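*Asks:* To be precise about what I am sending: the file is called start_18.pdb and holds PDB, C-alpha atoms.
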```pdb
MODEL        1
ATOM      1  CA  MET K  20     102.991  75.571  98.209
ATOM      2  CA  ILE K  21     100.226  76.393 100.669
ATOM      3  CA  TYR K  22     100.928  75.528 104.306
ATOM      4  CA  VAL K  23      97.760  74.957 106.363
ATOM      5  CA  ILE K  24      98.054  75.192 110.124
ATOM      6  CA  ASP K  25      95.339  72.881 111.430
ATOM      7  CA  HIS K  26      93.681  73.931 114.683
ATOM      8  CA  GLU K  27      91.984  70.527 114.806
ATOM      9  CA  ASP K  28      88.707  71.583 113.259
ATOM     10  CA  SER K  29      86.344  69.353 111.311
ATOM     11  CA  PHE K  30      86.330  71.921 108.471
ATOM     12  CA  THR K  31      90.092  71.935 107.945
ATOM     13  CA  PHE K  32      90.088  69.251 105.283
ATOM     14  CA  ASN K  33      87.166  70.855 103.427
ATOM     15  CA  LEU K  34      89.414  73.892 103.211
ATOM     16  CA  VAL K  35      92.417  71.755 102.175
ATOM     17  CA  HIS K  36      90.334  70.163  99.422
ATOM     18  CA  LEU K  37      89.337  73.609  98.111
ATOM     19  CA  LEU K  38      92.916  74.955  98.276
ATOM     20  CA  SER K  39      94.375  71.899  96.533
ATOM     21  CA  SER K  40      92.582  73.014  93.359
ATOM     22  CA  TYR K  41      95.188  75.794  93.109
ATOM     23  CA  ASP K  42      98.482  74.525  94.532
ATOM     24  CA  ASP K  43     100.196  71.804  96.542
ATOM     25  CA  VAL K  44      98.994  71.851 100.136
ATOM     26  CA  TYR K  45     100.855  70.739 103.243
ATOM     27  CA  VAL K  46      98.916  70.362 106.521
ATOM     28  CA  SER K  47     100.194  70.085 110.067
ATOM     29  CA  ASN K  48      98.696  70.489 113.507
ATOM     30  CA  TYR K  49      99.391  73.792 115.213
ATOM     31  CA  PHE K  50     101.599  71.970 117.751
ATOM     32  CA  GLU K  51     103.659  70.044 115.135
ATOM     33  CA  ILE K  52     104.916  72.735 112.773
ATOM     34  CA  ASN K  53     107.334  71.654 110.040
ATOM     35  CA  GLU K  54     109.665  74.676 109.958
ATOM     36  CA  PHE K  55     111.295  73.632 106.678
ATOM     37  CA  LYS K  56     107.986  73.354 104.803
ATOM     38  CA  LEU K  57     106.651  76.510 106.464
ATOM     39  CA  LYS K  58     109.644  78.509 105.210
ATOM     40  CA  LYS K  59     109.272  76.992 101.702
ATOM     41  CA  SER K  60     105.569  77.861 101.447
ATOM     42  CA  ASP K  61     104.212  80.832  99.512
ATOM     43  CA  THR K  62     100.972  81.073 101.495
ATOM     44  CA  ILE K  63     100.152  80.262 105.112
ATOM     45  CA  VAL K  64      96.549  79.420 105.986
ATOM     46  CA  LEU K  65      95.340  79.631 109.590
ATOM     47  CA  SER K  66      92.491  77.127 109.777
ATOM     48  CA  PRO K  67      89.231  77.217 111.703
ATOM     49  CA  GLY K  68      89.239  75.632 115.135
ATOM     50  CA  PRO K  69      87.676  75.504 118.571
ATOM     51  CA  GLY K  70      88.339  77.951 121.371
ATOM     52  CA  GLU K  71      89.808  81.414 121.271
ATOM     53  CA  PRO K  72      92.913  82.834 119.568
ATOM     54  CA  LYS K  73      94.656  83.247 122.933
ATOM     55  CA  ASN K  74      94.648  79.419 123.201
ATOM     56  CA  TYR K  75      97.059  79.220 120.228
ATOM     57  CA  PRO K  76     100.215  81.226 121.087
ATOM     58  CA  THR K  77     102.335  79.294 118.563
ATOM     59  CA  THR K  78     100.004  80.401 115.758
ATOM     60  CA  SER K  79     100.343  84.027 116.893
ATOM     61  CA  LYS K  80     104.142  83.691 116.814
ATOM     62  CA  ILE K  81     104.028  82.238 113.294
ATOM     63  CA  TYR K  82     101.708  85.014 112.139
ATOM     64  CA  ASN K  83     103.987  87.714 113.590
ATOM     65  CA  LYS K  84     107.108  86.094 112.117
ATOM     66  CA  PHE K  85     105.753  85.809 108.557
ATOM     67  CA  LYS K  86     103.186  88.626 108.297
ATOM     68  CA  GLU K  87     105.241  90.847 106.002
ATOM     69  CA  LYS K  88     107.005  87.986 104.220
ATOM     70  CA  LYS K  89     104.288  85.587 103.005
ATOM     71  CA  LYS K  90     100.666  85.721 101.984
ATOM     72  CA  ILE K  91      98.495  84.810 104.990
ATOM     73  CA  LEU K  92      94.856  83.742 104.993
ATOM     74  CA  GLY K  93      92.811  83.185 108.153
ATOM     75  CA  ILE K  94      89.465  81.365 108.180
ATOM     76  CA  CYS K  95      87.093  81.662 111.181
ATOM     77  CA  LEU K  96      89.457  81.105 114.155
ATOM     78  CA  GLY K  97      92.278  82.053 111.756
ATOM     79  CA  PHE K  98      90.490  85.356 111.008
ATOM     80  CA  GLN K  99      90.192  85.990 114.752
ATOM     81  CA  GLN K 100      93.842  84.955 115.227
ATOM     82  CA  ILE K 101      95.025  87.635 112.788
ATOM     83  CA  LEU K 102      92.963  90.337 114.489
ATOM     84  CA  TYR K 103      94.013  89.149 117.968
ATOM     85  CA  SER K 104      97.693  89.186 116.921
ATOM     86  CA  GLU K 105      97.172  92.768 115.710
ATOM     87  CA  GLY K 106      95.821  93.885 119.092
ATOM     88  CA  GLY K 107      92.125  93.277 118.431
ATOM     89  CA  LYS K 108      89.800  91.990 121.140
ATOM     90  CA  ILE K 109      87.790  88.845 120.439
ATOM     91  CA  THR K 110      84.566  88.509 122.425
ATOM     92  CA  GLN K 111      81.496  86.311 122.727
ATOM     93  CA  GLN K 112      78.701  87.470 120.451
ATOM     94  CA  LYS K 113      75.059  87.653 121.439
ATOM     95  CA  ASN K 114      73.953  84.873 119.076
ATOM     96  CA  ILE K 115      75.814  81.732 118.102
ATOM     97  CA  TYR K 116      76.045  81.114 114.363
ATOM     98  CA  HIS K 117      76.854  77.431 113.837
ATOM     99  CA  GLY K 118      75.648  76.185 110.461
ATOM    100  CA  TYR K 119      73.950  79.497 109.768
ATOM    101  CA  GLN K 120      73.673  81.165 106.367
ATOM    102  CA  SER K 121      73.995  84.968 106.284
ATOM    103  CA  LYS K 122      73.870  87.756 103.759
ATOM    104  CA  ILE K 123      77.114  89.693 103.742
ATOM    105  CA  LYS K 124      77.701  93.165 102.359
ATOM    106  CA  VAL K 125      81.008  93.964 100.676
ATOM    107  CA  LEU K 126      82.281  97.369 101.777
ATOM    108  CA  PRO K 127      83.861  99.978  99.497
ATOM    109  CA  GLU K 128      87.163  99.407 101.352
ATOM    110  CA  SER K 129      87.496  96.008  99.674
ATOM    111  CA  PHE K 130      90.130  95.884  96.979
ATOM    112  CA  LEU K 131      89.698  92.228  95.999
ATOM    113  CA  TYR K 132      85.932  91.975  96.087
ATOM    114  CA  SER K 133      84.850  95.324  94.661
ATOM    115  CA  ASN K 134      82.729  93.594  91.965
ATOM    116  CA  PHE K 135      80.938  91.513  94.623
ATOM    117  CA  LYS K 136      78.128  93.504  96.213
ATOM    118  CA  ASN K 137      76.442  90.944  98.421
ATOM    119  CA  LEU K 138      77.373  87.392  99.312
ATOM    120  CA  ILE K 139      75.594  84.462 100.926
ATOM    121  CA  VAL K 140      77.977  82.698 103.316
ATOM    122  CA  GLY K 141      78.118  79.856 105.839
ATOM    123  CA  ARG K 142      78.964  80.810 109.407
ATOM    124  CA  TYR K 143      80.157  78.622 112.268
ATOM    125  CA  HIS K 144      81.239  80.881 115.123
ATOM    126  CA  SER K 145      80.277  82.167 118.539
ATOM    127  CA  LEU K 146      83.034  84.792 118.831
ATOM    128  CA  LYS K 147      83.479  88.099 117.042
ATOM    129  CA  LEU K 148      85.791  91.084 116.767
ATOM    130  CA  LYS K 149      85.009  93.682 119.424
ATOM    131  CA  GLU K 150      84.931  97.061 117.760
ATOM    132  CA  PRO K 151      86.209  99.641 117.269
ATOM    133  CA  PHE K 152      89.358  98.047 115.848
ATOM    134  CA  TYR K 153      92.144 100.262 114.527
ATOM    135  CA  SER K 154      94.952  99.297 112.163
ATOM    136  CA  SER K 155      96.988 101.311 109.702
ATOM    137  CA  THR K 156      96.961  98.488 107.129
ATOM    138  CA  ILE K 157      94.134  96.026 107.915
ATOM    139  CA  LYS K 158      90.709  97.025 106.656
ATOM    140  CA  ILE K 159      87.430  95.371 107.573
ATOM    141  CA  THR K 160      85.954  94.742 104.127
ATOM    142  CA  MET K 161      82.765  92.723 104.679
ATOM    143  CA  ARG K 162      80.030  92.802 107.310
ATOM    144  CA  CYS K 163      76.931  90.795 108.126
ATOM    145  CA  GLN K 164      73.935  92.671 106.725
ATOM    146  CA  LYS K 165      71.822  91.825 109.769
ATOM    147  CA  THR K 166      74.251  92.278 112.702
ATOM    148  CA  ASN K 167      77.031  94.400 111.149
ATOM    149  CA  VAL K 168      79.640  91.990 112.601
ATOM    150  CA  ALA K 169      83.015  92.043 110.799
ATOM    151  CA  MET K 170      83.165  89.185 108.292
ATOM    152  CA  ALA K 171      86.350  89.837 106.282
ATOM    153  CA  LEU K 172      89.636  91.670 106.436
ATOM    154  CA  GLU K 173      92.166  92.718 103.824
ATOM    155  CA  ASP K 174      95.687  94.079 104.097
ATOM    156  CA  THR K 175      96.711  94.303 100.457
ATOM    157  CA  LYS K 176     100.099  95.844 101.289
ATOM    158  CA  ASN K 177     101.191  92.832 103.341
ATOM    159  CA  LYS K 178      98.924  90.284 101.577
ATOM    160  CA  ILE K 179      96.960  89.345 104.689
ATOM    161  CA  PHE K 180      93.363  88.245 104.249
ATOM    162  CA  GLY K 181      90.725  86.664 106.434
ATOM    163  CA  PHE K 182      87.119  85.566 106.672
ATOM    164  CA  GLN K 183      84.964  85.011 109.730
ATOM    165  CA  PHE K 184      82.769  82.842 107.506
ATOM    166  CA  HIS K 185      83.715  79.582 105.760
ATOM    167  CA  PRO K 186      84.330  79.873 102.002
ATOM    168  CA  ASP K 187      84.757  76.071 102.047
ATOM    169  CA  SER K 188      81.213  75.453 103.333
ATOM    170  CA  PHE K 189      78.407  74.315 101.058
ATOM    171  CA  LEU K 190      76.395  77.165 102.630
ATOM    172  CA  THR K 191      78.719  79.713 100.988
ATOM    173  CA  LYS K 192      77.826  80.660  97.440
ATOM    174  CA  ASN K 193      80.884  81.340  95.247
ATOM    175  CA  GLY K 194      83.329  80.051  97.888
ATOM    176  CA  LYS K 195      85.737  78.858  95.217
ATOM    177  CA  ASN K 196      85.781  82.317  93.587
ATOM    178  CA  ILE K 197      86.380  83.959  96.955
ATOM    179  CA  ILE K 198      89.450  81.788  97.586
ATOM    180  CA  GLN K 199      90.693  82.117  94.000
ATOM    181  CA  LYS K 200      90.795  85.925  94.328
ATOM    182  CA  ILE K 201      93.139  85.684  97.327
ATOM    183  CA  LEU K 202      95.439  83.073  95.856
ATOM    184  CA  SER K 203      95.855  85.112  92.683
ATOM    185  CA  ALA K 204      96.381  88.427  94.574
TER     186      ALA K 204
ENDMDL
END
```
Show me the file's structure as structure tokens.
*Replies:*
Amino acid sequence: MIYVIDHEDSFTFNLVHLLSSYDDVYVSNYFEINEFKLKKSDTIVLSPGPGEPKNYPTTSKIYNKFKEKKKILGICLGFQQILYSEGGKITQQKNIYHGYQSKIKVLPESFLYSNFKNLIVGRYHSLKLKEPFYSSTIKITMRCQKTNVAMALEDTKNKIFGFQFHPDSFLTKNGKNIIQKILSA
């Protein structure tokens, strides 16, 4: 089962629809966590949402509790939440990318997406990872070709993955394949 923590974003159920192609999905708001279902799940998904990761301390606690025990996927705010929980700084970026399509380069550090060279993705964010960011296990594996902003992370040892972009958006080409790679990892 996939447990989706909803940060009350309009994209959450697009993501749920995509994920339900692969497994049963349970969704709850970030402030109404079902502990029983969370413990039963195989994968935890941190959804997109408004605001900053620091506004969601319960999500950080869940991430820290399960990060070496379950597969975790973060999308947009969820991506930022993972990095924030790992000591990363999340800052305002120069340009706002809401409903914007970008070309993304896949870096050699990517284990899952090594056969993908470039991707076209849908972005909906005004925040970004402030770099440099250091981690012994998390690798930044995709970047915007134009701005070099971090767009994906992978920690294959602990099965933690994240995207700043939305694989569930119609603006993202091959979004289903991107998600499928993680769920089968």
*Asks:* For range 53-125 of chain K against range 164-187 of chain K, with a cut-off of 12 Å and counting all atoms listed in the file, what is the closest atom pair and its distance in Å to one decimal for every residue that makes the cut, ordered by chain and number, as a Markdown table?
*Replies:*
```
| residue | atom | partner | partner_atom | distance |
| --- | --- | --- | --- | --- |
| K:Asp61 | CA | K:Lys178 | CA | 11.0 |
| K:Thr62 | CA | K:Lys178 | CA | 9.4 |
| K:Ile63 | CA | K:Ile179 | CA | 9.6 |
| K:Val64 | CA | K:Gly181 | CA | 9.3 |
| K:Leu65 | CA | K:Gly181 | CA | 9.0 |
| K:Ser66 | CA | K:His185 | CA | 10.0 |
| K:Pro67 | CA | K:His185 | CA | 8.4 |
| K:Gly68 | CA | K:His185 | CA | 11.6 |
| K:Tyr82 | CA | K:Ile179 | CA | 9.8 |
| K:Asn83 | CA | K:Ile179 | CA | 11.5 |
| K:Phe85 | CA | K:Asn177 | CA | 9.9 |
| K:Lys86 | CA | K:Asn177 | CA | 6.8 |
| K:Glu87 | CA | K:Asn177 | CA | 5.2 |
| K:Lys88 | CA | K:Asn177 | CA | 7.6 |
| K:Lys89 | CA | K:Lys178 | CA | 7.3 |
| K:Lys90 | CA | K:Lys178 | CA | 4.9 |
| K:Ile91 | CA | K:Ile179 | CA | 4.8 |
| K:Leu92 | CA | K:Phe180 | CA | 4.8 |
| K:Gly93 | CA | K:Gly181 | CA | 4.4 |
| K:Ile94 | CA | K:Phe182 | CA | 5.0 |
| K:Cys95 | CA | K:Gln183 | CA | 4.2 |
| K:Leu96 | CA | K:Gln183 | CA | 7.4 |
| K:Gly97 | CA | K:Gly181 | CA | 7.2 |
| K:Phe98 | CA | K:Gly181 | CA | 4.8 |
| K:Gln99 | CA | K:Gln183 | CA | 7.3 |
| K:Gln100 | CA | K:Gly181 | CA | 9.5 |
| K:Ile101 | CA | K:Gly181 | CA | 7.7 |
| K:Leu102 | CA | K:Leu172 | CA | 8.8 |
| K:Glu105 | CA | K:Ile179 | CA | 11.5 |
| K:Gly107 | CA | K:Ala169 | CA | 11.9 |
| K:Ile109 | CA | K:Ala169 | CA | 11.2 |
| K:Thr110 | CA | K:Val168 | CA | 11.5 |
| K:Gln111 | CA | K:Val168 | CA | 11.8 |
| K:Gln112 | CA | K:Val168 | CA | 9.1 |
| K:Lys113 | CA | K:Thr166 | CA | 9.9 |
| K:Asn114 | CA | K:Thr166 | CA | 9.8 |
| K:Ile115 | CA | K:Thr166 | CA | 12.0 |
| K:Tyr116 | CA | K:Phe184 | CA | 9.8 |
| K:His117 | CA | K:Phe184 | CA | 10.2 |
| K:Gly118 | CA | K:His185 | CA | 9.9 |
| K:Tyr119 | CA | K:Phe184 | CA | 9.7 |
| K:Gln120 | CA | K:Phe184 | CA | 9.3 |
| K:Ser121 | CA | K:Gln164 | CA | 7.7 |
| K:Lys122 | CA | K:Gln164 | CA | 5.7 |
| K:Ile123 | CA | K:Gln164 | CA | 5.3 |
| K:Lys124 | CA | K:Gln164 | CA | 5.8 |
| K:Val125 | CA | K:Ala171 | CA | 8.8 |
```
*Asks:* Tell me which of K:Leu138, K:Val23, K:Val35, K:Ile159 sits closest to Asn196 in chain K, counting all atoms listed in the file.
*Replies:* K:Leu138
*Asks:* Suppose you want the space between CA of Thr156 in chain K and CA of Leu202 in chain K; what is it in Å?
*Replies:*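 A separation of 19.2 Å between them.
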*Asks:* Kindly give the distance, in Å, that separates CA of Ile24 in chain K and CA of Glu54 in chain K, rounded to a single decimal.
*Replies:*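 These two atoms are separated by 11.6 Å.
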*Asks:* Between CA of Gly141 in chain K and CA of His26 in chain K, what distance in Å does the model show, to one decimal?
*Replies:* 18.9 Å
*Asks:* Give the answer as one residue: which of K:Lys56, K:Ser39, K:Pro69, K:Lys195 has the shortest atom-to-atom distance to Glu27 in chain K, using only C-alpha atoms?
*Replies:*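 The closest residue to Glu27 in chain K is K:Pro69.
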*Asks:* Under the rule that all atoms listed in the file are counted, which of K:Val46, K:Leu190, K:Ser40, K:Lys84 is the nearest residue to Tyr143 in chain K?
*Replies:*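 The closest residue to Tyr143 in chain K is K:Leu190.
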